[in-house]
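Novice: Below: one structure in structure tokens.
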Amino acid sequence: MRYMLLMLASPDGEAEPDHSVPESDEPCWMPWYQEMIARDVVLVDGAQLQPATTATTVAVADGETLLSDGPFAETKEQIVGYNVIDVADLDEAVYVASRHPVAAHGGRIEIRPILPG
Amino acid sequence: MTDVDAAVAAAFQQEWGRVVATLIRMTGDWDLAEECAQDAFTTALARWPADGVPDRPGAWLTTTARNRALDKLRRSKNEAAKLKEAAMLSEPPEPADTGGSGVTDDRLRLIFTCCHPALSLEARVALTLRTLAGLTTAEIARAFLVPEATMAKRLVRAKHKIRDAGIPYRVPPAHLLPDRMTGVLSVLYLLFNEGYAATSGAELVRLDLCAEAIRLGRILAGLMPAEPETSGLLALMLLTDARRPARFDAGGDVITLDEQDRSRWNAAEIGEGLALLDAAIRHRRLGQYQLQAAIAACHARAADPADTDWAQIAALYGLLREVTPSAVVELNRAVAVAMADGPAAGLRLIDALESDGQLAGYHLLTATRADFLRRLGRLEEAAVSYRAALDMAATEPERRFLSRRLDEVTAARR
């Protein structure tokens, strides 16, 4: 099954680098990436997104397309990235999400099954 | 009720969950499974009077339900149904996969799936009662005091989420089992408590839910005998339920443990509960349910309240606090300590709890303080606390109990 993992985190969290871990050239998601490859998790796609200030939300009402400036959820958290994965079931998707650095740093990850197309 | 009606009713009690569980595995379709199980029982009502009750009613019902499912899938023009039919025909009666537990009973797959943490707690409870215990949507709605349409919607949503989000139909693998086991046990215990003490309203006990929780607890303990907490929970429910006949007076008022007529306790449930607990403890893997059952057992063993081993109970609450740190556990420990070492010792623990603030507004904390003050002869302060507790209590019988105590201390002061 394919799932989209939507990474939610508060943007202030991003501004404060974690100095408890030694600086390294390796991106913070690299250990996760390597573990998932070893586990045969299919990472279909994934990326970090521009900040939510660049977001546009689209809605259609009475045939009219309405645009609004900003993310769809008015919370302190924003969608900061996403991954599309292909795994056996929800338990495996939960595992993949639970291992992601965003989850480890206090963010939340929304798991959305992708409609088979 | 004729003999055949009784046989069908008994088969329903014993076999419903198994038939549905097997059909879900075979078809992967929860609605179809329920529908066909229902059909199988209807067929039994029509056929058993003439044909006689089969030797193995469960197997007969499963086969009938399976054939019904194949029939429905065959008649459907839909491609997905054709695939399901083909899959069903190649499906072995029990698959080789046994999860992490080595057990293959379909009811275990069903209960672990119904209690999957990706479902809301309400949905887990409702789904367990509907699919495993076979209660109707109307019965479940009544038990949880919600309109039937609300409950129907809740069940549909839960089943759709299982299907659409890819929640696996299986006993979780070994590394997930401890966590998921805790989840299943907490659903059963919630069910029991929901039945044992309604949170509000005049009706304090909803018997059916207690009986259902015990029935499901029996199934689970039978299926997972190597997990001592399953027996621990069943023992806890039995030992608690045993007191039910003595819990209320004729007017529906609560009778406290020390004032209950212990000859009215259910001896059979106590016997079974104690035996289960002894067997569970021998595994030497204590958990919250075994500890709570051990506390209930201390009460069950005391024919006279004066014989209660309060020091043992206080020690058990101390252990329980380490397993599940909670202010409510600490409150109960305070009660036990007060009984073992006197109300002054208990009051010190209550003071600590009050300054901690976690139980602010909880009527039992204030009622307990009132009780300790009363026993210390500090009647004026006791009256103040009883009045405060009275303002916070949610159910009528509890309020009547507190007013009675308040009258006692005010009368004693005059």
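Going by the structure tokens order, chains are called A, B, ..., each with residues numbered from 1, while ligands are numbered from 1 in the order shown.
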For B:Ala149, work out the shell of residues within 10 Å, counting only C-alpha atoms and skipping chain neighbours fewer than 6 positions away, then give it as a PyMOL selection string.
Specialist: chain B and resi 137-138+141+155
Novice: Go ahead and write the residues just picked, C-alpha atoms, as a short mmCIF file (atom, residue, chain, number, x, y, z; two decimals), in the first residue's frame.
Specialist:
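Final output, saved to out37.cif:
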```
data_model
loop_
_atom_site.label_atom_id
_atom_site.label_comp_id
_atom_site.auth_asym_id
_atom_site.auth_seq_id
_atom_site.Cartn_x
_atom_site.Cartn_y
_atom_site.Cartn_z
CA THR B 137 -25.64 -1.82 17.14
CA ALA B 138 -28.77 -0.88 19.12
CA ALA B 141 -25.72 2.34 21.55
CA LEU B 155 -18.89 1.34 13.49
#
```
Novice: Show which residues sit within 10 Å of stretch 335-339 of chain B, as a count of residues only. Count only C-alpha atoms, and ignore same-chain residues fewer than 6 positions away.
Specialist: 23
Novice: What are the residues of chain B lining chain A at 12 Å or less? Count only C-alpha atoms, and put the answer as a ChimeraX atom specification.
Specialist: /B:113,116-119,161-173,175-176,180
Novice: Using only C-alpha atoms, which of B:Asn332, B:Met26, B:Asp356, B:Arg68 sits nearest B:Ala86?
Specialist: B:Met26
Novice: Measure the distance from atom CA of B:Pro397 to atom CA of B:Arg142 in Å and round it to one decimal.
Specialist: 21.2 Å
Novice: To one decimal in Å, tell me the separation between atom CA of B:Arg284 and atom CA of B:Leu216.
Specialist: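 These atoms are spaced 24.1 Å apart.
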Novice: Give me the residues near B:Ala294 as a list in words, where near means some atom within 10 Å (using only C-alpha atoms) and where sequence neighbours in that chain fewer than 5 positions away do not count.
Specialist: Gly232, Ala235, Leu236, Leu239, Gly273, Leu274, Leu277, Asp278, Ile281, Gln288, Tyr289, His299, Ala300, Gln312, Ile313, Leu316 and Tyr317 of chain B
